[in-house]
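K.L.:
Just dropping this structure here.
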Amino acid sequence: MKDALAIHRWLLAHQVHHEIVRLPRPMTCADELPEMISAGADRCVSVTVFEGSTRRGRSVVATVHTVAAPPRPAVVGALVGTRNIHLAPAFLVNAVTDYAAPLVCPLLLPESLTVLVDERLRPDRTPIFTPTGERHTALAMRALDLLTLLSRKLVDLRTQRPSGSRQAVALRH
């Protein structure tokens, strides 16, 4: 499993300013992060993994979003053309991300995993916080740096798009 040390080393190698924050008590899921560090839920970033079925079989997709605005499964399904989409079970999240299921960090996710980044994440210089895969730590870094490192497609996770939209078709390929 990936952890705070792996993330720290990777960020150092990429010369990205960051801080590993020690939490006052163990965190059980990313939704607890705002309370733990006294930050707004719009400054705390979370990853949610969904599983669904397509014409070709099972599909797994991760979303990067703020704790304040988790995406609805129907919206994610419409964006990637997946039917019967639901939250992925913990064992699948662990297997596809190599992080502990409720504490997935948006960094170091496999290239083979489809990742959608919510366009509401503001690319500014203010700090954001995200889990590290460990219960006792969080990662603090600039939002602009996180978005630069993710280099994934920004999408609107607020509204549902028809499955034939240009954006949905482009994401399937």
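Convention: chains lettered A, B, ... in structure tokens order; per-chain residue numbering from 1; ligands numbered from 1 as shown.
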DSSP on the backbone: which residues in chain A end up as strand (DSSP E or B)? Give the answer as a PyMOL selection string.
P.N.:
chain A and resi 18-22+44-54+57-66+83-87+114-118+127-131+137-142+154-155
K.L.:
Among the residues of segment 108-169 of chain A, find those DSSP assigns to helix (DSSP H, G or I) from the backbone and print them as an MDAnalysis selection string.
P.N.:
chainID A and resid 143:150 166:169
K.L.:
Store the residues picked out above, limited to N, CA and C atoms, as a CSV table (one decimal), in the first residue's frame.
P.N.:
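Result file follows (out.csv):
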chain,number,residue,atom,x,y,z
A,143,ALA,N,-3.1,24.1,-4.3
A,143,ALA,CA,-4.1,23.5,-5.3
A,143,ALA,C,-3.6,23.6,-6.7
A,144,LEU,N,-2.9,24.6,-7.1
A,144,LEU,CA,-2.3,24.7,-8.4
A,144,LEU,C,-1.3,23.6,-8.7
A,145,ASP,N,-0.5,23.3,-7.7
A,145,ASP,CA,0.5,22.2,-7.8
A,145,ASP,C,-0.2,20.8,-8.0
A,146,LEU,N,-1.3,20.6,-7.2
A,146,LEU,CA,-2.0,19.4,-7.3
A,146,LEU,C,-2.6,19.2,-8.7
A,147,LEU,N,-3.3,20.2,-9.2
A,147,LEU,CA,-3.9,20.1,-10.5
A,147,LEU,C,-2.8,20.0,-11.6
A,148,THR,N,-1.7,20.6,-11.5
A,148,THR,CA,-0.6,20.4,-12.4
A,148,THR,C,-0.1,19.0,-12.4
A,149,LEU,N,0.1,18.4,-11.3
A,149,LEU,CA,0.6,17.0,-11.1
A,149,LEU,C,-0.4,16.0,-11.6
A,150,LEU,N,-1.7,16.3,-11.4
A,150,LEU,CA,-2.7,15.3,-11.9
A,150,LEU,C,-2.8,15.2,-13.4
A,166,ARG,N,-20.2,15.0,-26.5
A,166,ARG,CA,-18.8,15.0,-27.0
A,166,ARG,C,-17.8,14.7,-25.9
A,167,GLN,N,-18.1,15.3,-24.7
A,167,GLN,CA,-17.2,15.1,-23.6
A,167,GLN,C,-17.2,13.6,-23.2
A,168,ALA,N,-18.4,13.0,-23.1
A,168,ALA,CA,-18.4,11.6,-22.7
A,168,ALA,C,-17.8,10.7,-23.7
A,169,VAL,N,-18.0,11.0,-25.0
A,169,VAL,CA,-17.3,10.2,-26.1
A,169,VAL,C,-15.8,10.3,-26.0
K.L.:
Could you build a table of the residues in segment 117-146 of chain A lying no more than 7 Å from segment 57-77 of chain A, giving for each the nearest pair of atoms and their separation in Å rounded to one decimal place, using only C-alpha atoms, ordered by chain and ascending residue number, as a Markdown table?
P.N.:
| residue | atom | partner | partner_atom | distance |
| --- | --- | --- | --- | --- |
| A:Val117 | CA | A:Val64 | CA | 4.7 |
| A:Asp118 | CA | A:His65 | CA | 5.2 |
| A:Leu121 | CA | A:His65 | CA | 6.9 |
K.L.:
How far is it from atom CA of Ala41 of chain A to atom CA of Leu12 of chain A, in Å with one decimal?
P.N.:
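Those two atoms sit 26.5 Å apart.
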K.L.:
With only C-alpha atoms as the atoms that count, which of A:Thr132, A:Ser53, A:Ser112, A:Ser46 lies nearest to Leu5 of chain A?
P.N.:
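Comparing A:Thr132, A:Ser53, A:Ser112, A:Ser46 against Leu5 of chain A, the winner is A:Thr132.
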K.L.:
Compile the contact shell of segment 27-31 of chain A as a PyMOL selection string: residues with an atom at most 7 Å away, counting only C-alpha atoms, same-chain residues fewer than 2 positions apart removed.
P.N.:
chain A and resi 25+33+46+67+102-103+131+135-136
K.L.:
Mind writing the picked residues with N, CA and C atoms as a PDB file, in the first residue's frame?
P.N.:
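Output below, filename selection06.pdb:
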ATOM      1  N   ARG A  25      -5.787  12.944  15.803  1.00  0.00           N
ATOM      2  CA  ARG A  25      -6.312  11.609  16.114  1.00  0.00           C
ATOM      3  C   ARG A  25      -6.485  10.848  14.798  1.00  0.00           C
ATOM      4  N   LEU A  33     -11.587  14.905   7.310  1.00  0.00           N
ATOM      5  CA  LEU A  33     -10.429  15.790   7.190  1.00  0.00           C
ATOM      6  C   LEU A  33     -10.722  17.248   7.558  1.00  0.00           C
ATOM      7  N   SER A  46     -10.783  14.875  -1.901  1.00  0.00           N
ATOM      8  CA  SER A  46     -11.055  13.462  -1.686  1.00  0.00           C
ATOM      9  C   SER A  46     -11.093  12.728  -3.025  1.00  0.00           C
ATOM     10  N   VAL A  67     -14.295  17.592  -0.528  1.00  0.00           N
ATOM     11  CA  VAL A  67     -15.150  16.900   0.425  1.00  0.00           C
ATOM     12  C   VAL A  67     -16.528  17.559   0.438  1.00  0.00           C
ATOM     13  N   PRO A 102     -10.770   4.125   2.293  1.00  0.00           N
ATOM     14  CA  PRO A 102     -11.398   5.411   2.622  1.00  0.00           C
ATOM     15  C   PRO A 102     -10.434   6.592   2.635  1.00  0.00           C
ATOM     16  N   LEU A 103      -9.143   6.354   2.358  1.00  0.00           N
ATOM     17  CA  LEU A 103      -8.126   7.404   2.494  1.00  0.00           C
ATOM     18  C   LEU A 103      -7.278   7.546   1.237  1.00  0.00           C
ATOM     19  N   PRO A 131      -5.990  13.185   1.962  1.00  0.00           N
ATOM     20  CA  PRO A 131      -5.461  12.033   2.694  1.00  0.00           C
ATOM     21  C   PRO A 131      -4.168  11.512   2.048  1.00  0.00           C
ATOM     22  N   ARG A 135      -3.963   6.791   8.359  1.00  0.00           N
ATOM     23  CA  ARG A 135      -4.973   7.349   9.250  1.00  0.00           C
ATOM     24  C   ARG A 135      -4.474   8.539  10.058  1.00  0.00           C
ATOM     25  N   HIS A 136      -3.166   8.680  10.214  1.00  0.00           N
ATOM     26  CA  HIS A 136      -2.619   9.705  11.100  1.00  0.00           C
ATOM     27  C   HIS A 136      -2.028  10.914  10.378  1.00  0.00           C
TER      28      HIS A 136
END
K.L.:
Need the shell around Tyr99 of chain A: protein/DNA/RNA residues with any atom at most 12 Å away, counting only C-alpha atoms. Skip same-chain ones fewer than 2 positions apart. Format as a PyMOL selection string?
P.N.:
chain A and resi 1-4+6-7+47-49+90-97+101-110+131-135
K.L.:
Would you write out those residues with C-alpha atoms, as a PDB file, in the first residue's frame?
P.N.:
ATOM      1  CA  MET A   1       0.000   0.000   0.000  1.00  0.00           C
ATOM      2  CA  LYS A   2       1.113   3.541  -0.751  1.00  0.00           C
ATOM      3  CA  ASP A   3       1.629   5.850   2.205  1.00  0.00           C
ATOM      4  CA  ALA A   4       2.763   9.323   3.263  1.00  0.00           C
ATOM      5  CA  ALA A   6       5.920   7.320  -0.814  1.00  0.00           C
ATOM      6  CA  ILE A   7       3.993  10.524  -1.565  1.00  0.00           C
ATOM      7  CA  VAL A  47     -11.035  10.585  -4.159  1.00  0.00           C
ATOM      8  CA  THR A  48     -14.109   8.453  -4.754  1.00  0.00           C
ATOM      9  CA  VAL A  49     -13.929   5.257  -6.807  1.00  0.00           C
ATOM     10  CA  ALA A  90     -13.285  -1.445  -0.428  1.00  0.00           C
ATOM     11  CA  PHE A  91     -11.377  -4.468  -1.752  1.00  0.00           C
ATOM     12  CA  LEU A  92     -11.635  -3.129  -5.309  1.00  0.00           C
ATOM     13  CA  VAL A  93     -10.562   0.395  -4.272  1.00  0.00           C
ATOM     14  CA  ASN A  94      -7.545  -1.093  -2.480  1.00  0.00           C
ATOM     15  CA  ALA A  95      -6.642  -3.186  -5.525  1.00  0.00           C
ATOM     16  CA  VAL A  96      -6.959  -0.485  -8.200  1.00  0.00           C
ATOM     17  CA  THR A  97      -5.468   2.450  -6.254  1.00  0.00           C
ATOM     18  CA  ALA A 101     -10.035   2.490   0.581  1.00  0.00           C
ATOM     19  CA  PRO A 102     -11.398   5.411   2.622  1.00  0.00           C
ATOM     20  CA  LEU A 103      -8.126   7.404   2.494  1.00  0.00           C
ATOM     21  CA  VAL A 104      -7.140   7.479  -1.201  1.00  0.00           C
ATOM     22  CA  CYS A 105      -4.760  10.272  -2.210  1.00  0.00           C
ATOM     23  CA  PRO A 106      -5.209  11.774  -5.699  1.00  0.00           C
ATOM     24  CA  LEU A 107      -1.451  11.437  -6.360  1.00  0.00           C
ATOM     25  CA  LEU A 108       0.317   8.290  -7.594  1.00  0.00           C
ATOM     26  CA  LEU A 109      -2.835   6.720  -9.017  1.00  0.00           C
ATOM     27  CA  PRO A 110      -2.143   4.218 -11.824  1.00  0.00           C
ATOM     28  CA  PRO A 131      -5.461  12.033   2.694  1.00  0.00           C
ATOM     29  CA  THR A 132      -2.181  10.153   2.315  1.00  0.00           C
ATOM     30  CA  GLY A 133      -3.506   6.633   2.652  1.00  0.00           C
ATOM     31  CA  GLU A 134      -2.626   6.654   6.353  1.00  0.00           C
ATOM     32  CA  ARG A 135      -4.973   7.349   9.250  1.00  0.00           C
TER      33      ARG A 135
END
K.L.:
Nearest to Leu79 of chain A among A:Thr137, A:Val115, A:Ile128, A:Ala100, with distances taken over only C-alpha atoms: which residue is it?
P.N.:
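Once distances to Leu79 of chain A are computed over only C-alpha atoms, the minimum belongs to A:Val115.
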K.L.:
From the list A:Met36, A:Ala138, A:Leu154, A:Leu116, which residue is nearest His18 of chain A when using only C-alpha atoms?
P.N.:
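Checking each of A:Met36, A:Ala138, A:Leu154, A:Leu116 against His18 of chain A, counting only C-alpha atoms, the winner is A:Ala138.
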K.L.:
Give the answer as one residue: which of A:Ser38, A:Pro26, A:Glu51, A:Met141 has the shortest atom-to-atom distance to Val80 of chain A, using only C-alpha atoms?
P.N.:
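With only C-alpha atoms as the atom set, the closest residue is A:Glu51.
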